[in-house]
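S.K.: My structure is stored as work_18.pdb, with PDB, C-alpha atoms.
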```
ATOM      1  CA  MET A   1       0.852 -35.803  11.769
ATOM      2  CA  ILE A   2       1.042 -32.054  11.340
ATOM      3  CA  GLN A   3      -2.191 -30.092  11.371
ATOM      4  CA  ARG A   4      -2.306 -26.471  10.316
ATOM      5  CA  VAL A   5      -4.355 -23.728  11.925
ATOM      6  CA  LEU A   6      -4.690 -20.250  10.484
ATOM      7  CA  LEU A   7      -4.400 -17.392  12.956
ATOM      8  CA  LEU A   8      -5.656 -13.904  12.169
ATOM      9  CA  LEU A   9      -4.127 -11.173  14.303
ATOM     10  CA  LEU A  10      -5.377  -7.600  14.402
ATOM     11  CA  VAL A  11      -2.425  -5.464  15.418
ATOM     12  CA  ILE A  12      -3.024  -1.780  16.127
ATOM     13  CA  THR A  13       0.403  -0.405  16.890
ATOM     14  CA  PRO A  14       0.477   2.670  19.145
ATOM     15  CA  GLY A  15       2.676   5.478  17.941
ATOM     16  CA  PHE A  16       5.751   4.851  20.048
ATOM     17  CA  LEU A  17       8.262   3.646  17.442
ATOM     18  CA  ALA A  18      11.146   5.953  16.604
ATOM     19  CA  ILE A  19      11.064   7.575  13.182
ATOM     20  CA  THR A  20      13.762   9.023  11.001
ATOM     21  CA  SER A  21      14.865  12.413  12.235
ATOM     22  CA  PRO A  22      13.271  15.186  10.159
ATOM     23  CA  GLN A  23      16.507  17.138  10.429
ATOM     24  CA  GLN A  24      18.264  14.274   8.680
ATOM     25  CA  ASP A  25      15.653  14.096   5.922
ATOM     26  CA  ASN A  26      15.566  17.832   5.326
ATOM     27  CA  GLN A  27      19.245  18.639   5.138
ATOM     28  CA  ILE A  28      19.704  21.662   2.903
ATOM     29  CA  ASN A  29      22.317  21.525   0.206
ATOM     30  CA  PRO A  30      23.779  25.041   0.007
ATOM     31  CA  ARG A  31      23.994  24.679  -3.769
ATOM     32  CA  PHE A  32      20.223  24.528  -4.100
ATOM     33  CA  SER A  33      17.383  26.653  -2.818
ATOM     34  CA  THR A  34      14.367  25.172  -1.001
ATOM     35  CA  ASP A  35      12.194  28.131  -1.964
ATOM     36  CA  PRO A  36       9.045  26.677  -3.622
ATOM     37  CA  ILE A  37       9.067  29.411  -6.267
ATOM     38  CA  VAL A  38      12.651  28.568  -7.231
ATOM     39  CA  GLU A  39      11.897  24.824  -7.238
ATOM     40  CA  ASN A  40       8.885  25.429  -9.458
ATOM     41  CA  ALA A  41      11.052  27.460 -11.849
ATOM     42  CA  PHE A  42      13.619  24.652 -11.976
ATOM     43  CA  GLN A  43      10.908  22.113 -12.752
ATOM     44  CA  GLN A  44       9.446  24.320 -15.483
ATOM     45  CA  LEU A  45      12.881  24.577 -17.089
ATOM     46  CA  ARG A  46      13.190  20.796 -16.989
ATOM     47  CA  GLY A  47       9.803  20.418 -18.635
ATOM     48  CA  GLY A  48       8.293  18.807 -15.581
ATOM     49  CA  GLY A  49       5.289  21.109 -15.380
ATOM     50  CA  ASP A  50       3.876  22.675 -12.233
ATOM     51  CA  SER A  51       5.319  21.413  -8.944
ATOM     52  CA  SER A  52       2.366  22.678  -6.905
ATOM     53  CA  THR A  53       1.180  19.130  -6.153
ATOM     54  CA  GLN A  54       0.604  18.099  -2.549
ATOM     55  CA  SER A  55       3.587  17.128  -0.450
ATOM     56  CA  LEU A  56       3.622  13.905   1.568
ATOM     57  CA  ASP A  57       2.834  15.735   4.802
ATOM     58  CA  GLU A  58      -0.055  17.577   3.140
ATOM     59  CA  MET A  59      -1.454  14.300   1.805
ATOM     60  CA  ALA A  60      -1.235  12.765   5.279
ATOM     61  CA  GLU A  61      -3.036  15.770   6.778
ATOM     62  CA  GLU A  62      -5.707  15.506   4.077
ATOM     63  CA  LEU A  63      -6.297  11.840   4.997
ATOM     64  CA  ILE A  64      -6.674  12.767   8.663
ATOM     65  CA  ASP A  65      -9.023  15.681   7.941
ATOM     66  CA  SER A  66     -11.206  13.564   5.635
ATOM     67  CA  ASN A  67     -11.430  10.807   8.284
ATOM     68  CA  ARG A  68     -10.244   8.235   5.743
ATOM     69  CA  LYS A  69      -8.902   4.957   7.153
ATOM     70  CA  LEU A  70      -6.127   2.604   6.022
ATOM     71  CA  ILE A  71      -6.106  -1.129   6.812
ATOM     72  CA  VAL A  72      -2.905  -3.011   5.969
ATOM     73  CA  VAL A  73      -3.023  -6.806   5.622
ATOM     74  CA  THR A  74       0.286  -8.663   6.001
ATOM     75  CA  GLY A  75       1.248 -12.332   6.130
ATOM     76  CA  GLY A  76       3.776 -14.313   8.115
ATOM     77  CA  VAL A  77       5.523 -17.698   8.334
ATOM     78  CA  LEU A  78       4.750 -18.693   4.726
ATOM     79  CA  SER A  79       3.255 -17.288   1.552
ATOM     80  CA  GLY A  80      -0.152 -18.239   0.184
ATOM     81  CA  ILE A  81      -1.626 -18.021   3.681
ATOM     82  CA  GLY A  82      -4.808 -16.258   2.523
ATOM     83  CA  LYS A  83      -4.002 -12.542   2.680
ATOM     84  CA  GLY A  84      -5.965 -11.778  -0.488
ATOM     85  CA  VAL A  85      -9.159 -13.463   0.685
ATOM     86  CA  THR A  86      -8.742 -11.888   4.129
ATOM     87  CA  ALA A  87      -8.328  -8.405   2.639
ATOM     88  CA  SER A  88     -11.317  -8.895   0.335
ATOM     89  CA  SER A  89     -13.465 -10.241   3.160
ATOM     90  CA  ILE A  90     -12.643  -7.284   5.415
ATOM     91  CA  GLY A  91     -13.629  -4.989   2.553
ATOM     92  CA  VAL A  92     -16.934  -6.804   2.131
ATOM     93  CA  LEU A  93     -17.754  -6.346   5.813
ATOM     94  CA  PHE A  94     -17.122  -2.595   5.629
ATOM     95  CA  ARG A  95     -19.075  -2.351   2.363
ATOM     96  CA  ALA A  96     -22.012  -4.114   4.035
ATOM     97  CA  MET A  97     -21.873  -1.411   6.714
ATOM     98  CA  GLY A  98     -22.327   1.241   4.044
ATOM     99  CA  TYR A  99     -18.723   2.413   3.633
ATOM    100  CA  ARG A 100     -17.057   3.100   0.299
ATOM    101  CA  VAL A 101     -14.048   0.786   0.050
ATOM    102  CA  THR A 102     -11.087   0.669  -2.326
ATOM    103  CA  ALA A 103      -8.050  -1.622  -2.394
ATOM    104  CA  LEU A 104      -4.330  -1.640  -3.178
ATOM    105  CA  LYS A 105      -2.120  -4.695  -3.726
ATOM    106  CA  ILE A 106       1.620  -4.308  -3.082
ATOM    107  CA  ASP A 107       3.896  -6.860  -4.740
ATOM    108  CA  PRO A 108       7.538  -6.665  -3.598
ATOM    109  CA  TYR A 109       8.981  -8.245  -6.756
ATOM    110  CA  LEU A 110      11.113  -6.171  -9.134
ATOM    111  CA  ASN A 111       8.846  -6.705 -12.134
ATOM    112  CA  VAL A 112       7.011  -3.545 -13.163
ATOM    113  CA  ASP A 113       3.783  -5.523 -13.551
ATOM    114  CA  ALA A 114       2.573  -9.108 -13.873
ATOM    115  CA  GLY A 115       2.271  -8.972 -17.673
ATOM    116  CA  THR A 116       5.650 -10.608 -18.368
ATOM    117  CA  MET A 117       5.555 -13.163 -15.548
ATOM    118  CA  SER A 118       5.024 -16.863 -16.140
ATOM    119  CA  PRO A 119       1.499 -17.979 -15.188
ATOM    120  CA  PHE A 120       3.005 -21.299 -14.013
ATOM    121  CA  GLU A 121       5.047 -19.415 -11.409
ATOM    122  CA  HIS A 122       2.832 -16.490 -10.485
ATOM    123  CA  GLY A 123      -0.661 -17.448 -11.587
ATOM    124  CA  GLU A 124      -2.885 -15.930 -14.238
ATOM    125  CA  VAL A 125      -2.741 -12.226 -15.020
ATOM    126  CA  PHE A 126      -5.842 -10.159 -14.279
ATOM    127  CA  VAL A 127      -6.445  -7.386 -16.817
ATOM    128  CA  LEU A 128      -8.246  -4.285 -15.545
ATOM    129  CA  ASP A 129     -10.576  -1.994 -17.487
ATOM    130  CA  ASP A 130      -7.765   0.493 -18.146
ATOM    131  CA  GLY A 131      -5.540  -2.257 -19.594
ATOM    132  CA  GLY A 132      -3.382  -2.715 -16.503
ATOM    133  CA  GLU A 133      -1.916  -6.217 -16.200
ATOM    134  CA  THR A 134      -2.018  -6.998 -12.514
ATOM    135  CA  ASP A 135      -1.926  -9.646  -9.842
ATOM    136  CA  LEU A 136      -4.898 -12.003  -9.669
ATOM    137  CA  ASP A 137      -5.775 -10.660  -6.206
ATOM    138  CA  LEU A 138      -7.198  -7.547  -7.868
ATOM    139  CA  GLY A 139      -9.813  -9.772  -9.473
ATOM    140  CA  ASN A 140     -10.867 -10.831  -5.972
ATOM    141  CA  TYR A 141     -11.012  -7.194  -4.885
ATOM    142  CA  GLU A 142     -13.222  -6.200  -7.812
ATOM    143  CA  ARG A 143     -15.621  -9.106  -7.311
ATOM    144  CA  PHE A 144     -15.819  -8.791  -3.533
ATOM    145  CA  LEU A 145     -16.033  -4.988  -3.437
ATOM    146  CA  SER A 146     -17.933  -4.504  -6.721
ATOM    147  CA  VAL A 147     -15.600  -1.699  -7.796
ATOM    148  CA  CYS A 148     -13.550  -0.949 -10.909
ATOM    149  CA  LEU A 149      -9.895  -0.628  -9.945
ATOM    150  CA  THR A 150      -7.067   0.889 -12.001
ATOM    151  CA  LYS A 151      -3.480  -0.092 -12.757
ATOM    152  CA  ASN A 152      -2.382   2.189  -9.908
ATOM    153  CA  SER A 153      -4.132  -0.231  -7.547
ATOM    154  CA  ASN A 154      -1.238  -2.667  -8.087
ATOM    155  CA  LEU A 155       2.122  -1.425  -6.793
ATOM    156  CA  SER A 156       5.395  -3.292  -7.271
ATOM    157  CA  THR A 157       9.018  -2.610  -6.391
ATOM    158  CA  GLY A 158       9.677  -2.206 -10.117
ATOM    159  CA  LYS A 159       7.095   0.588 -10.400
ATOM    160  CA  ILE A 160       8.469   2.459  -7.399
ATOM    161  CA  TYR A 161      12.108   2.260  -8.469
ATOM    162  CA  GLN A 162      11.150   3.216 -12.023
ATOM    163  CA  GLN A 163       9.335   6.294 -10.711
ATOM    164  CA  VAL A 164      12.171   7.313  -8.390
ATOM    165  CA  ILE A 165      14.867   6.847 -11.041
ATOM    166  CA  GLU A 166      12.886   8.835 -13.624
ATOM    167  CA  LYS A 167      12.506  11.695 -11.138
ATOM    168  CA  GLU A 168      16.232  11.571 -10.381
ATOM    169  CA  ARG A 169      17.112  11.677 -14.090
ATOM    170  CA  VAL A 170      15.169  14.913 -14.660
ATOM    171  CA  GLY A 171      16.545  16.508 -11.497
ATOM    172  CA  ASP A 172      13.466  16.482  -9.304
ATOM    173  CA  TYR A 173      15.597  15.722  -6.237
ATOM    174  CA  LEU A 174      17.712  18.840  -6.869
ATOM    175  CA  GLY A 175      21.060  17.081  -6.630
ATOM    176  CA  LYS A 176      20.391  15.194  -3.404
ATOM    177  CA  THR A 177      21.752  11.698  -2.820
ATOM    178  CA  VAL A 178      18.795   9.453  -3.624
ATOM    179  CA  GLN A 179      18.367   6.716  -1.017
ATOM    180  CA  VAL A 180      15.878   4.046   0.007
ATOM    181  CA  VAL A 181      15.084   6.163   3.077
ATOM    182  CA  PRO A 182      13.692   8.757   2.656
ATOM    183  CA  HIS A 183      13.157   8.896  -1.125
ATOM    184  CA  VAL A 184      11.895   5.383  -1.922
ATOM    185  CA  SER A 185       9.930   5.126   1.336
ATOM    186  CA  ASP A 186       8.350   8.535   0.707
ATOM    187  CA  ALA A 187       7.403   7.489  -2.839
ATOM    188  CA  ILE A 188       5.678   4.386  -1.453
ATOM    189  CA  GLN A 189       3.724   6.447   1.070
ATOM    190  CA  GLU A 190       2.674   8.946  -1.588
ATOM    191  CA  TRP A 191       1.462   6.109  -3.841
ATOM    192  CA  VAL A 192      -0.613   4.592  -1.019
ATOM    193  CA  LEU A 193      -2.187   7.934  -0.130
ATOM    194  CA  GLN A 194      -2.944   8.712  -3.793
ATOM    195  CA  VAL A 195      -4.749   5.393  -4.285
ATOM    196  CA  ALA A 196      -6.573   5.771  -0.967
ATOM    197  CA  LYS A 197      -8.228   9.012  -2.116
ATOM    198  CA  ALA A 198      -8.727   8.184  -5.819
ATOM    199  CA  PRO A 199     -12.452   8.161  -6.720
ATOM    200  CA  ILE A 200     -13.924   4.704  -7.221
ATOM    201  CA  THR A 201     -16.576   3.518  -9.654
ATOM    202  CA  HIS A 202     -18.884   0.610  -8.892
ATOM    203  CA  PHE A 203     -19.585  -2.132 -11.406
ATOM    204  CA  SER A 204     -23.185  -1.012 -11.711
ATOM    205  CA  LYS A 205     -21.989   2.375 -12.974
ATOM    206  CA  ALA A 206     -19.494   0.868 -15.398
ATOM    207  CA  THR A 207     -22.014  -1.604 -16.823
ATOM    208  CA  GLY A 208     -24.818   0.948 -17.039
ATOM    209  CA  GLY A 209     -27.170  -0.626 -14.547
ATOM    210  CA  ALA A 210     -27.441  -1.108 -10.813
ATOM    211  CA  THR A 211     -26.578  -4.594  -9.619
ATOM    212  CA  ASP A 212     -26.577  -4.041  -5.875
ATOM    213  CA  GLY A 213     -29.992  -2.486  -5.360
ATOM    214  CA  THR A 214     -28.815   1.118  -5.633
ATOM    215  CA  SER A 215     -29.765   3.736  -8.168
ATOM    216  CA  SER A 216     -27.422   4.836 -10.938
ATOM    217  CA  GLN A 217     -27.034   8.178  -9.163
ATOM    218  CA  ASP A 218     -25.630   6.408  -6.113
ATOM    219  CA  ASN A 219     -22.961   4.722  -8.224
ATOM    220  CA  ASP A 220     -21.202   7.834  -9.509
ATOM    221  CA  SER A 221     -17.487   7.963  -8.783
ATOM    222  CA  MET A 222     -16.998   9.016  -5.177
ATOM    223  CA  ASP A 223     -14.048   9.270  -2.842
ATOM    224  CA  PRO A 224     -13.447   6.107  -0.808
ATOM    225  CA  GLU A 225     -13.714   6.102   2.962
ATOM    226  CA  ILE A 226     -11.580   3.010   3.622
ATOM    227  CA  CYS A 227      -8.572   1.654   1.722
ATOM    228  CA  ILE A 228      -7.508  -1.972   2.150
ATOM    229  CA  VAL A 229      -3.766  -2.400   1.483
ATOM    230  CA  GLU A 230      -2.404  -5.915   1.029
ATOM    231  CA  LEU A 231       1.353  -6.354   1.358
ATOM    232  CA  GLY A 232       2.293  -9.403  -0.692
ATOM    233  CA  GLY A 233       4.950 -11.902   0.226
ATOM    234  CA  THR A 234       6.011 -12.853   3.732
ATOM    235  CA  LEU A 235       7.188 -10.522   6.483
ATOM    236  CA  GLY A 236      10.929 -10.957   6.912
ATOM    237  CA  ASP A 237      11.710 -11.123   3.191
ATOM    238  CA  ILE A 238      14.456  -8.687   2.186
ATOM    239  CA  GLU A 239      12.485  -7.479  -0.822
ATOM    240  CA  SER A 240       9.530  -6.319   1.291
ATOM    241  CA  MET A 241      11.561  -4.385   3.879
ATOM    242  CA  PRO A 242      11.253  -0.955   2.150
ATOM    243  CA  PHE A 243       7.459  -1.358   2.112
ATOM    244  CA  VAL A 244       7.333  -2.402   5.776
ATOM    245  CA  GLU A 245       9.408   0.635   6.737
ATOM    246  CA  ALA A 246       7.321   2.953   4.552
ATOM    247  CA  LEU A 247       4.061   1.693   6.073
ATOM    248  CA  ARG A 248       5.510   2.085   9.568
ATOM    249  CA  GLN A 249       6.447   5.684   8.807
ATOM    250  CA  LEU A 250       3.005   6.293   7.331
ATOM    251  CA  GLN A 251       1.309   5.172  10.517
ATOM    252  CA  GLU A 252       3.527   7.584  12.423
ATOM    253  CA  LYS A 253       2.278  10.392  10.179
ATOM    254  CA  VAL A 254      -1.453   9.639  10.175
ATOM    255  CA  GLY A 255      -1.742   8.108  13.654
ATOM    256  CA  TYR A 256      -2.784   4.651  14.834
ATOM    257  CA  LYS A 257      -6.442   5.758  14.920
ATOM    258  CA  ASN A 258      -6.388   6.187  11.144
ATOM    259  CA  MET A 259      -4.280   3.170  10.175
ATOM    260  CA  CYS A 260      -4.137  -0.367  11.538
ATOM    261  CA  PHE A 261      -2.475  -3.667  10.645
ATOM    262  CA  VAL A 262      -4.036  -7.109  10.201
ATOM    263  CA  HIS A 263      -1.549  -9.971  10.303
ATOM    264  CA  VAL A 264      -2.415 -13.405   8.887
ATOM    265  CA  SER A 265      -0.157 -16.162  10.178
ATOM    266  CA  LEU A 266       0.169 -19.930  10.501
ATOM    267  CA  VAL A 267       0.012 -21.747  13.837
ATOM    268  CA  PRO A 268       0.998 -25.398  13.315
ATOM    269  CA  VAL A 269      -0.481 -28.054  15.579
ATOM    270  CA  LEU A 270       1.989 -30.813  16.418
ATOM    271  CA  GLY A 271       1.779 -34.031  18.351
ATOM    272  CA  SER A 272      -0.527 -37.000  18.550
ATOM    273  CA  PRO A 273      -2.696 -37.900  20.333
ATOM    274  CA  ILE A 274      -2.121 -34.733  22.441
ATOM    275  CA  SER A 275      -1.991 -31.782  20.034
ATOM    276  CA  GLU A 276      -0.050 -28.653  20.882
ATOM    277  CA  GLN A 277      -0.196 -25.325  19.067
ATOM    278  CA  LYS A 278       3.214 -23.851  18.246
ATOM    279  CA  THR A 279       3.098 -20.038  18.233
ATOM    280  CA  LYS A 280       6.827 -19.280  18.012
ATOM    281  CA  PRO A 281       6.812 -18.762  14.182
ATOM    282  CA  THR A 282       3.933 -16.298  14.529
ATOM    283  CA  GLN A 283       5.706 -14.478  17.367
ATOM    284  CA  HIS A 284       8.708 -13.868  15.131
ATOM    285  CA  SER A 285       6.578 -12.753  12.166
ATOM    286  CA  VAL A 286       4.642 -10.281  14.322
ATOM    287  CA  LYS A 287       7.919  -8.688  15.472
ATOM    288  CA  MET A 288       8.737  -7.848  11.846
TER     289      MET A 288
END
```
Show how you would write the structure in this file as structure tokens.
M.R.:
Amino acid sequence: MIQRVLLLLLVITPGFLAITSPQQDNQINPRFSTDPIVENAFQQLRGGGDSSTQSLDEMAEELIDSNRKLIVVTGGVLSGIGKGVTASSIGVLFRAMGYRVTALKIDPYLNVDAGTMSPFEHGEVFVLDDGGETDLDLGNYERFLSVCLTKNSNLSTGKIYQQVIEKERVGDYLGKTVQVVPHVSDAIQEWVLQVAKAPITHFSKATGGATDGTSSQDNDSMDPEICIVELGGTLGDIESMPFVEALRQLQEKVGYKNMCFVHVSLVPVLGSPISEQKTKPTQHSVKM
């Protein structure tokens, strides 16, 4: 008889992993200028508007200065292990401590959203207030955290590649060779940081009345202090590798004191009558 035991690992990785060389990422093509004024002029000519938005490094510095924290929940050995409930429960604990919490669900599939996916294969679609068709985990987030999330709170591989390809088509990369690293990984990090600082609205504000004992003034949209990021799928899947690499790079930028990982894994118990816990599958998933 095989018994199953769930193991929850809190992994705070110190910043000792090697990162991509900045010289390699910032190679200058002699055909194009890196002057911000010239880049802004190019973007205006392309109809892209003002390019004075924050860079990835500036967004990372802003997260550090604002003392905002990121908690990434991953899963190993098999899917459906309980990452969504774990992420929601962690958020509830922080909310009970008085922190403002938001959430982001990352789905590695190539679909842009869950609207066209079969409910028999993927489960029911959860529709947000802004019309976003998302993964059902966002329904758990909203109920557990009592917040109104947006369609940007659900990130998929399809959304990222669509964004990167659209930027390449209008020339935002200034003729560079667009690659998974650094362009796709940077886009993932920028998305995470944008969601982490996006103001959140509680249900009591959206419905016009306080439901958690607070006044309506307390429920105005405010910047979150903690962002829970759930990485869907199972560590080791090819489709999730760009997200794993992007999150690793992000921790290098913001520091292990501002970002930690929670790993949910399966530890099977084999043998009868003497049961023995087998940790080898979890060891391999943690190494991912």
S.K.: May I ask for the distance between CA of Gln194 in chain A and CA of Asn152 in chain A, given in Å to one decimal place?
M.R.: 9.0 Å
S.K.: For the structure provided, state which residues fall under the PyMOL selection byres ((chain A and resi 281) around 10), and present them as a VMD selection string.
M.R.: chain A and resid 76 to 78 265 to 268 278 to 280 282 to 286
S.K.: Could you write out that same residue set with C-alpha atoms as an mmCIF file, in the coordinates of the input?
M.R.:
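Written output follows (out.cif):
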```cif
data_model
loop_
_atom_site.group_PDB
_atom_site.id
_atom_site.type_symbol
_atom_site.label_atom_id
_atom_site.label_comp_id
_atom_site.auth_asym_id
_atom_site.auth_seq_id
_atom_site.Cartn_x
_atom_site.Cartn_y
_atom_site.Cartn_z
ATOM 1 C CA GLY A 76 3.776 -14.313 8.115
ATOM 2 C CA VAL A 77 5.523 -17.698 8.334
ATOM 3 C CA LEU A 78 4.750 -18.693 4.726
ATOM 4 C CA SER A 265 -0.157 -16.162 10.178
ATOM 5 C CA LEU A 266 0.169 -19.930 10.501
ATOM 6 C CA VAL A 267 0.012 -21.747 13.837
ATOM 7 C CA PRO A 268 0.998 -25.398 13.315
ATOM 8 C CA LYS A 278 3.214 -23.851 18.246
ATOM 9 C CA THR A 279 3.098 -20.038 18.233
ATOM 10 C CA LYS A 280 6.827 -19.280 18.012
ATOM 11 C CA THR A 282 3.933 -16.298 14.529
ATOM 12 C CA GLN A 283 5.706 -14.478 17.367
ATOM 13 C CA HIS A 284 8.708 -13.868 15.131
ATOM 14 C CA SER A 285 6.578 -12.753 12.166
ATOM 15 C CA VAL A 286 4.642 -10.281 14.322
#
```
S.K.: Please write the residues picked by the PyMOL selection byres ((chain A and resi 249) around 9) on this file as a PyMOL selection string.
M.R.: chain A and resi 19-20+185-186+189+244-248+250-254
S.K.: Residues at most 10 Å from range 111-127 of chain A, counting all atoms listed in the file, excluding those fewer than 5 positions away in the same chain, as a PyMOL selection string?
M.R.: chain A and resi 132-140+150-151+154-162
S.K.: On this structure, the PyMOL selection byres ((chain A and resi 259) around 8) would catch which residues? List them as a PyMOL selection string, sorted by chain and number.
M.R.: chain A and resi 12+69-72+251+254-258+260-261
S.K.: Residues within 10 Å of Ser240 in chain A, please, as a PyMOL selection string. Count all atoms listed in the file; anything in the same chain fewer than 3 positions from it doesn't count.
M.R.: chain A and resi 106-109+156-157+231-237+243-245
S.K.: From the list A:Gly271, A:Glu225, A:Thr74, A:Leu174, which residue is nearest Met288 in chain A when using all atoms listed in the file?
M.R.: A:Thr74
S.K.: Looking at A:Glu239, A:Glu62, A:Glu230, A:Glu142, which one is nearest to Val262 in chain A, with distances taken over all atoms listed in the file?
M.R.: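 Closest to Val262 in chain A, using all atoms listed in the file: A:Glu230.
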S.K.: With all atoms listed in the file as the basis for distance, which of A:Ala198, A:Ile238, A:Ile228, A:Val180 is at the shortest distance from Val85 in chain A?
M.R.: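 Of the candidates, the smallest distance to Val85 in chain A is held by A:Ile228.
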S.K.: To test the calculation: enclose all listed atoms of range 123-133 of chain A in a box whose edges run along x, y and z, add 8 Å on each side, then state centre and edge lengths in Å to one decimal, as AutoDock Vina command-line options.
M.R.:
```
--center_x -5.6 --center_y -8.5 --center_z -15.6 --size_x 25.9 --size_y 33.9 --size_z 24.0
```
S.K.: So which one's closest to Ser221 in chain A, A:Gln163, A:Gln54, A:Thr86, A:Thr102? Using only C-alpha atoms, please.
M.R.: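 For Ser221 in chain A, the nearest of the candidates is A:Thr102.
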S.K.: For Phe144 in chain A, find every residue with an atom within 7 Å (counting all atoms listed in the file), except residues of its own chain fewer than 3 positions away, and show them as a PyMOL selection string.
M.R.: chain A and resi 88+92+140-141
S.K.: Could those residues be written to a file, using C-alpha atoms, as a PDB file, in the coordinates of the input?
M.R.:
```
ATOM      1  CA  SER A  88     -11.317  -8.895   0.335  1.00  0.00           C
ATOM      2  CA  VAL A  92     -16.934  -6.804   2.131  1.00  0.00           C
ATOM      3  CA  ASN A 140     -10.867 -10.831  -5.972  1.00  0.00           C
ATOM      4  CA  TYR A 141     -11.012  -7.194  -4.885  1.00  0.00           C
TER       5      TYR A 141
END
```
S.K.: Report, in Å to a single decimal, how far apart CA of Ser89 in chain A and CA of Gly131 in chain A are.
M.R.: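 Computing it gives 25.4 Å between the two atoms.
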S.K.: Could you jot down the CA of Arg100 in chain A to CA of Ser79 in chain A separation for me, Å, one decimal place?
M.R.: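 These two atoms are separated by 28.8 Å.
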S.K.: Would you mind telling me which residue in A:Leu193, A:Val229, A:Leu145, A:Val269 lies nearest to Ala60 in chain A when using only C-alpha atoms?
M.R.: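 Once distances to Ala60 in chain A are computed over only C-alpha atoms, the minimum belongs to A:Leu193.
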